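So this block is input-v6.cif, mmCIF, C-alpha atoms:
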```cif
data_data
#
loop_
_atom_site.label_atom_id
_atom_site.label_comp_id
_atom_site.auth_asym_id
_atom_site.auth_seq_id
_atom_site.Cartn_x
_atom_site.Cartn_y
_atom_site.Cartn_z
CA MET A 5 13.91 6.55 17.96
CA THR A 6 17.48 6.36 19.32
CA GLU A 7 19.57 9.45 20.02
CA GLU A 8 21.88 8.42 17.17
CA ASN A 9 18.96 8.42 14.70
CA VAL A 10 17.79 11.84 15.90
CA ILE A 11 21.28 13.29 15.39
CA ARG A 12 21.59 11.58 12.03
CA LYS A 13 18.24 12.92 10.90
CA LYS A 14 19.05 16.48 11.97
CA GLN A 15 22.35 16.34 10.12
CA THR A 16 21.04 14.81 6.90
CA LEU A 17 20.62 17.11 3.90
CA VAL A 18 19.16 14.87 1.22
CA THR A 19 19.38 15.79 -2.47
CA LYS A 20 17.94 13.99 -5.48
CA GLU A 21 21.47 12.80 -6.36
CA ARG A 22 21.88 11.37 -2.86
CA LEU A 23 18.54 9.58 -3.16
CA VAL A 24 19.52 8.07 -6.53
CA ALA A 25 22.76 6.75 -5.00
CA ASP A 26 20.96 5.41 -1.91
CA PHE A 27 18.25 3.68 -3.97
CA ARG A 28 20.90 1.95 -6.10
CA LYS A 29 22.91 0.93 -3.04
CA LEU A 30 19.78 -0.66 -1.52
CA GLY A 31 19.26 -2.68 -4.72
CA LEU A 32 16.74 -0.76 -6.77
CA LYS A 33 17.51 -1.25 -10.48
CA GLU A 34 16.44 -0.17 -13.95
CA GLY A 35 13.54 -2.26 -15.26
CA MET A 36 12.23 -3.37 -11.85
CA VAL A 37 8.56 -3.54 -10.94
CA VAL A 38 8.32 -2.00 -7.46
CA ILE A 39 5.52 -0.89 -5.16
CA VAL A 40 6.59 1.97 -2.90
CA HIS A 41 5.25 2.80 0.58
CA SER A 42 6.80 5.93 2.01
CA SER A 43 7.15 8.62 4.67
CA LEU A 44 8.69 11.87 3.43
CA SER A 45 9.41 13.13 6.95
CA ALA A 46 11.48 10.01 7.74
CA LEU A 47 13.97 10.82 4.96
CA GLY A 48 15.50 13.88 6.61
CA TRP A 49 15.61 17.35 5.06
CA VAL A 50 14.94 16.63 1.39
CA CYS A 51 15.92 19.38 -1.04
CA GLY A 52 12.87 19.49 -3.31
CA GLY A 53 10.71 17.36 -1.02
CA GLU A 54 8.45 14.77 -2.59
CA VAL A 55 9.28 16.01 -6.12
CA ALA A 56 12.92 15.03 -5.61
CA VAL A 57 11.97 11.61 -4.23
CA ILE A 58 9.69 10.76 -7.18
CA ARG A 59 12.21 12.03 -9.76
CA ALA A 60 14.95 9.96 -8.12
CA LEU A 61 12.79 6.82 -8.19
CA MET A 62 11.97 7.41 -11.86
CA GLU A 63 15.63 7.98 -12.72
CA VAL A 64 16.67 4.69 -11.13
CA VAL A 65 13.79 2.44 -12.26
CA THR A 66 13.33 4.23 -15.64
CA ASP A 67 10.32 3.76 -17.89
CA ARG A 68 11.63 0.27 -18.71
CA GLY A 69 10.42 -0.65 -15.24
CA THR A 70 7.23 0.22 -13.33
CA ILE A 71 6.66 2.18 -10.11
CA VAL A 72 3.41 1.49 -8.24
CA MET A 73 2.05 3.34 -5.19
CA PRO A 74 -1.08 3.00 -3.05
CA ALA A 75 -3.72 5.67 -3.70
CA GLN A 76 -6.32 4.52 -1.21
CA THR A 77 -9.28 6.61 -0.12
CA ALA A 78 -10.42 5.04 3.16
CA ASN A 79 -12.68 8.05 3.77
CA ASN A 80 -14.94 6.78 0.94
CA THR A 81 -16.28 3.82 2.90
CA ASP A 82 -19.28 3.05 5.08
CA PRO A 83 -19.11 5.45 8.07
CA ALA A 84 -20.39 2.63 10.31
CA PHE A 85 -16.83 1.20 10.14
CA TRP A 86 -14.97 4.45 10.86
CA GLU A 87 -12.81 4.43 13.98
CA ASN A 88 -10.12 7.12 13.60
CA PRO A 89 -12.16 9.14 14.34
CA PRO A 90 -15.68 7.70 14.45
CA VAL A 91 -18.64 9.91 13.51
CA PRO A 92 -22.06 10.03 15.24
CA GLU A 93 -24.45 7.33 14.07
CA ALA A 94 -27.01 10.05 13.37
CA TRP A 95 -24.73 11.24 10.53
CA TRP A 96 -24.32 7.89 8.77
CA GLU A 97 -27.26 8.06 6.37
CA GLU A 98 -26.47 11.63 5.33
CA ILE A 99 -22.83 10.70 4.67
CA ARG A 100 -23.91 7.73 2.56
CA ARG A 101 -26.30 9.99 0.64
CA SER A 102 -23.92 12.89 0.01
CA MET A 103 -20.35 11.51 -0.17
CA PRO A 104 -18.90 12.62 -3.57
CA ALA A 105 -18.36 9.72 -5.96
CA PHE A 106 -14.79 8.54 -6.47
CA ASP A 107 -13.16 10.16 -9.50
CA PRO A 108 -9.71 8.74 -10.34
CA ALA A 109 -8.64 12.07 -11.88
CA ILE A 110 -9.31 14.26 -8.84
CA THR A 111 -10.09 12.28 -5.68
CA PRO A 112 -7.08 12.77 -3.39
CA THR A 113 -5.40 9.90 -1.60
CA TYR A 114 -6.17 9.61 2.11
CA GLY A 115 -3.47 8.82 4.66
CA MET A 116 -0.95 7.65 2.04
CA GLY A 117 1.61 10.41 2.64
CA ARG A 118 2.88 13.31 0.57
CA ILE A 119 4.98 11.23 -1.85
CA ALA A 120 2.05 9.01 -2.88
CA GLU A 121 -0.30 11.99 -3.14
CA LEU A 122 2.04 13.93 -5.47
CA PHE A 123 2.87 10.82 -7.52
CA ARG A 124 -0.86 10.55 -8.33
CA THR A 125 -0.64 13.88 -10.22
CA PHE A 126 2.63 13.28 -12.11
CA PRO A 127 2.56 13.23 -15.95
CA GLY A 128 2.18 9.68 -17.25
CA VAL A 129 0.94 8.24 -13.95
CA LEU A 130 -2.21 6.10 -14.26
CA ARG A 131 -4.70 5.18 -11.54
CA SER A 132 -6.90 2.13 -11.10
CA ASN A 133 -10.63 2.69 -10.81
CA HIS A 134 -11.40 1.39 -7.33
CA PRO A 135 -13.35 3.83 -5.13
CA ASN A 136 -11.57 2.83 -1.92
CA CYS A 137 -8.43 0.80 -2.72
CA SER A 138 -6.99 2.31 -5.91
CA PHE A 139 -3.34 2.14 -6.98
CA THR A 140 -1.27 4.44 -9.18
CA ALA A 141 1.50 3.36 -11.54
CA TRP A 142 4.07 4.77 -13.98
CA GLY A 143 6.27 2.97 -16.48
CA ARG A 144 6.25 0.07 -18.90
CA ASP A 145 3.63 -2.17 -17.25
CA ALA A 146 1.53 0.56 -15.59
CA LYS A 147 -1.58 -0.04 -17.69
CA SER A 148 -1.57 -3.84 -17.46
CA ILE A 149 -0.87 -3.81 -13.70
CA LEU A 150 -3.78 -1.44 -13.00
CA SER A 151 -6.39 -2.72 -15.48
CA GLY A 152 -9.22 -4.99 -14.39
CA HIS A 153 -9.17 -3.89 -10.73
CA SER A 154 -12.34 -5.51 -9.39
CA LEU A 155 -14.77 -3.79 -7.05
CA ASP A 156 -15.09 -6.95 -4.94
CA PHE A 157 -12.03 -8.08 -2.95
CA PRO A 158 -9.88 -5.10 -4.05
CA PHE A 159 -6.64 -6.53 -2.59
CA GLY A 160 -7.27 -9.97 -4.11
CA GLU A 161 -6.60 -11.72 -7.43
CA LYS A 162 -7.96 -8.89 -9.61
CA SER A 163 -5.76 -6.18 -8.11
CA ALA A 164 -2.44 -4.49 -8.80
CA LEU A 165 -0.98 -6.56 -5.93
CA ALA A 166 -1.63 -9.82 -7.79
CA ARG A 167 -0.22 -8.36 -11.03
CA ILE A 168 2.98 -7.33 -9.18
CA TYR A 169 3.13 -10.88 -7.79
CA ASP A 170 2.80 -12.29 -11.34
CA ARG A 171 5.78 -10.16 -12.42
CA ASP A 172 7.92 -11.16 -9.41
CA GLY A 173 8.13 -7.50 -8.38
CA CYS A 174 9.52 -5.87 -5.25
CA ILE A 175 8.28 -3.82 -2.31
CA LEU A 176 10.15 -0.71 -1.16
CA LEU A 177 9.38 0.37 2.41
CA LEU A 178 10.78 3.89 2.57
CA GLY A 179 10.90 4.95 6.22
CA VAL A 180 7.75 2.96 7.09
CA ASP A 181 7.23 -0.44 8.70
CA TYR A 182 5.26 -3.53 7.64
CA HIS A 183 2.03 -2.04 8.97
CA ALA A 184 2.00 0.07 5.77
CA ASN A 185 2.77 -2.92 3.53
CA THR A 186 -0.37 -3.34 1.40
CA SER A 187 0.98 -6.45 -0.39
CA MET A 188 0.48 -8.45 2.80
CA HIS A 189 -3.28 -8.00 2.33
CA LEU A 190 -2.94 -10.24 -0.75
CA GLY A 191 -1.49 -12.85 1.61
CA GLU A 192 -4.47 -12.35 3.93
CA TYR A 193 -6.84 -12.79 1.00
CA ARG A 194 -5.14 -16.04 -0.03
CA ALA A 195 -5.07 -17.48 3.50
CA LYS A 196 -7.63 -20.25 4.06
CA HIS A 197 -9.76 -18.80 6.82
CA THR A 198 -10.12 -15.10 6.06
CA LYS A 199 -13.61 -13.85 6.96
CA ARG A 200 -15.75 -12.03 4.41
CA CYS A 201 -17.61 -8.78 4.99
CA THR A 202 -19.62 -6.21 3.01
CA GLN A 203 -18.25 -2.71 2.43
CA SER A 204 -19.82 0.22 0.58
CA CYS A 205 -18.79 3.49 -1.05
CA ALA A 206 -19.78 6.30 -3.41
CA ILE A 207 -19.01 5.45 -7.03
CA LYS A 208 -20.13 6.41 -10.53
CA ILE A 209 -21.89 3.69 -12.52
CA ASN A 210 -22.86 4.62 -16.08
CA GLY A 211 -22.16 8.24 -15.21
CA LYS A 212 -24.50 8.26 -12.20
CA ARG A 213 -23.40 8.60 -8.57
CA VAL A 214 -24.57 5.63 -6.47
CA TRP A 215 -23.87 4.28 -2.98
CA GLN A 216 -22.64 0.80 -3.91
CA SER A 217 -22.03 -2.26 -1.72
CA TYR A 218 -19.29 -4.76 -2.52
CA GLU A 219 -17.75 -7.90 -1.06
CA ASP A 220 -14.48 -7.73 0.82
CA TYR A 221 -12.72 -9.59 3.60
CA GLU A 222 -11.86 -8.43 7.10
CA GLU A 223 -8.42 -6.85 6.81
CA ASN A 224 -6.15 -6.76 9.85
CA SER A 225 -2.69 -5.25 9.57
CA ASP A 226 -2.07 -5.56 13.33
CA LEU A 227 -0.01 -8.73 12.78
CA PHE A 228 1.98 -7.38 9.82
CA ASN A 229 5.02 -6.18 11.80
CA LYS A 230 5.22 -9.52 13.64
CA ILE A 231 4.96 -11.43 10.34
CA GLY A 232 7.53 -9.09 8.75
CA ARG A 233 10.05 -9.63 11.56
CA ALA A 234 9.62 -13.40 11.21
CA PHE A 235 10.11 -13.12 7.44
CA GLU A 236 13.32 -11.11 7.91
CA ARG A 237 14.87 -14.03 9.79
CA SER A 238 14.95 -15.84 6.42
CA HIS A 239 17.44 -13.16 5.19
CA GLN A 240 15.33 -12.24 2.15
CA VAL A 241 15.13 -8.51 2.92
CA LYS A 242 17.70 -5.91 1.88
CA THR A 243 17.97 -3.16 4.50
CA GLY A 244 19.68 0.20 4.46
CA PHE A 245 19.16 3.94 4.74
CA ILE A 246 17.55 6.14 2.10
CA GLY A 247 18.60 9.55 3.36
CA ALA A 248 17.90 9.23 7.10
CA ALA A 249 15.08 6.70 6.63
CA PRO A 250 15.60 3.03 7.57
CA SER A 251 14.32 1.26 4.46
CA ARG A 252 13.70 -2.24 3.13
CA LEU A 253 13.65 -3.77 -0.34
CA ILE A 254 11.65 -7.01 -0.35
CA ASN A 255 10.71 -9.65 -2.91
CA GLN A 256 6.92 -9.31 -2.95
CA ARG A 257 6.15 -12.89 -3.99
CA ALA A 258 8.24 -14.37 -1.19
CA LEU A 259 6.60 -12.15 1.44
CA VAL A 260 3.06 -12.81 0.20
CA ASP A 261 3.66 -16.59 0.23
CA PHE A 262 5.19 -16.33 3.72
CA THR A 263 2.18 -14.32 4.96
CA VAL A 264 -0.24 -16.97 3.66
CA GLN A 265 1.69 -19.76 5.41
CA TYR A 266 2.04 -17.77 8.64
CA LEU A 267 -1.70 -17.03 8.85
CA ASP A 268 -2.69 -20.59 7.93
CA ASP A 269 -0.35 -21.97 10.62
CA LEU A 270 -1.66 -19.46 13.15
CA TYR A 271 -5.25 -20.50 12.47
CA ALA A 272 -4.38 -24.22 12.63
CA ASP A 273 -2.63 -23.71 15.99
CA ALA A 274 -5.63 -21.77 17.32
CA GLU A 275 -7.96 -24.58 16.18
CA LYS A 276 -5.81 -27.20 17.96
CA ALA A 277 -5.79 -25.14 21.15
CA HIS A 278 -9.57 -24.73 20.93
CA HIS A 279 -10.06 -28.51 20.68
#
```

Hey, can you dump this file as structure tokens for me?
Amino acid sequence: MTEENVIRKKQTLVTKERLVADFRKLGLKEGMVVIVHSSLSALGWVCGGEVAVIRALMEVVTDRGTIVMPAQTANNTDPAFWENPPVPEAWWEEIRRSMPAFDPAITPTYGMGRIAELFRTFPGVLRSNHPNCSFTAWGRDAKSILSGHSLDFPFGEKSALARIYDRDGCILLLGVDYHANTSMHLGEYRAKHTKRCTQSCAIKINGKRVWQSYEDYEENSDLFNKIGRAFERSHQVKTGFIGAAPSRLINQRALVDFTVQYLDDLYADAEKAHH
């Protein structure tokens, strides 16, 4: 972070009214479908914290549009895959046996930030029923965007990401980079050479808690910032500050398509080099 940004952040008192003005200046409009990834701390000193941010988003988009947020619960996965931090292998079976089943009404988000966690509890906000990769949504298309979220390939064609794509929606990166940009996982899923894997979690089936396996693909967000920077060279990203937070408003469909092409080209180049 540059000295200028540090000074700017320290000097920024951010109110709901300021957020509304900043969102509109960036290009957020009434009636939009938008998925929001956010860092509250990046915004500066927000009067009202995450409540003010959510109310400002709702005021700008209105219930004629739809706000979507990630509500993922990466702690409800097979402990064999855990890395940050890992747990002893001797614990794995007990964790699989005793992990509480996902409950969309009460299971908190994990690592999604304070804005996404509070949004989950707001009146009128719905949540998809995926035990690991759920999404929340509010507004006109909330129900149709979230319905039919499949257990297998949760960032694929039967996910909120694909429904946002269908509606030509937008992505708002609020003080976070492309590493947090879940929509790019849809691009990974659609790329030709994505590897499959098996994941598992605690879920209720017919009212009974079970440890359930499902099919997924190997996600890797390590390349997302590199892909995002390449995409920005096509001048399809609106950038600006929301409070003190450097932010981006992106057409989701264009970025997903770009991600597919980038990964397919990368694999083809690797194959040529191998031969």

Option closest in space to A:Ala141, from A:Gly128, A:Gly179, A:Gly117, A:Gly53 [counting all atoms listed in the file]: A:Gly128

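The coordinates place atom CA of A:Asp181 at 8.8 Å from atom CA of A:Phe228.
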
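Near A:Ser45, within 12 Å and counting all atoms listed in the file, sit Lys13, Lys14, Thr16, Val18, Val50, Gly53, Glu54, Val57, Gly117, Arg118, Ile119, Leu178, Gly179, Val180, Ile246, Gly247, Ala248, Ala249 and Pro250 of chain A, not including residues fewer than 5 positions from it in the same chain.
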
Point-to-point distance in Å for atom CA of A:Asp220 and atom CA of A:Cys201: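 Separation of atom CA of A:Cys201 and atom CA of A:Asp220: 5.3 Å.
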
Result set of the PyMOL selection byres ((chain A and resi 266-269) around 8) on the coordinates above, as JSON, numbers by chain: {"A": [192, 195, 196, 197, 231, 262, 263, 264, 265, 270, 271, 272, 273]}

Explicit residues for the PyMOL selection byres ((chain A and resi 78) around 9) (as a ChimeraX atom specification): /A:76-77,79-81,86,113-115,135-137

Suppose we keep C-alpha atoms; can you now write the selection as an mmCIF file, in the coordinates of the input?
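The result, written out as again.cif:
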```cif
data_model
loop_
_atom_site.group_PDB
_atom_site.id
_atom_site.type_symbol
_atom_site.label_atom_id
_atom_site.label_comp_id
_atom_site.auth_asym_id
_atom_site.auth_seq_id
_atom_site.Cartn_x
_atom_site.Cartn_y
_atom_site.Cartn_z
ATOM 1 C CA GLN A 76 -6.320 4.520 -1.210
ATOM 2 C CA THR A 77 -9.280 6.610 -0.120
ATOM 3 C CA ASN A 79 -12.680 8.050 3.770
ATOM 4 C CA ASN A 80 -14.940 6.780 0.940
ATOM 5 C CA THR A 81 -16.280 3.820 2.900
ATOM 6 C CA TRP A 86 -14.970 4.450 10.860
ATOM 7 C CA THR A 113 -5.400 9.900 -1.600
ATOM 8 C CA TYR A 114 -6.170 9.610 2.110
ATOM 9 C CA GLY A 115 -3.470 8.820 4.660
ATOM 10 C CA PRO A 135 -13.350 3.830 -5.130
ATOM 11 C CA ASN A 136 -11.570 2.830 -1.920
ATOM 12 C CA CYS A 137 -8.430 0.800 -2.720
#
```

Neighbour list for A:Leu176 as a VMD selection string, cut-off 7 Å, all atoms listed in the file, skip fewer than 2 positions in-chain: chain A and resid 38 to 41 174 178 252 to 254

Selected residue, from A:Lys242, A:Arg28, A:Lys20, A:Arg144, that lies nearest to A:Gly69 when counting all atoms listed in the file: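 Checking each candidate against A:Gly69, we get A:Arg144 as the closest.
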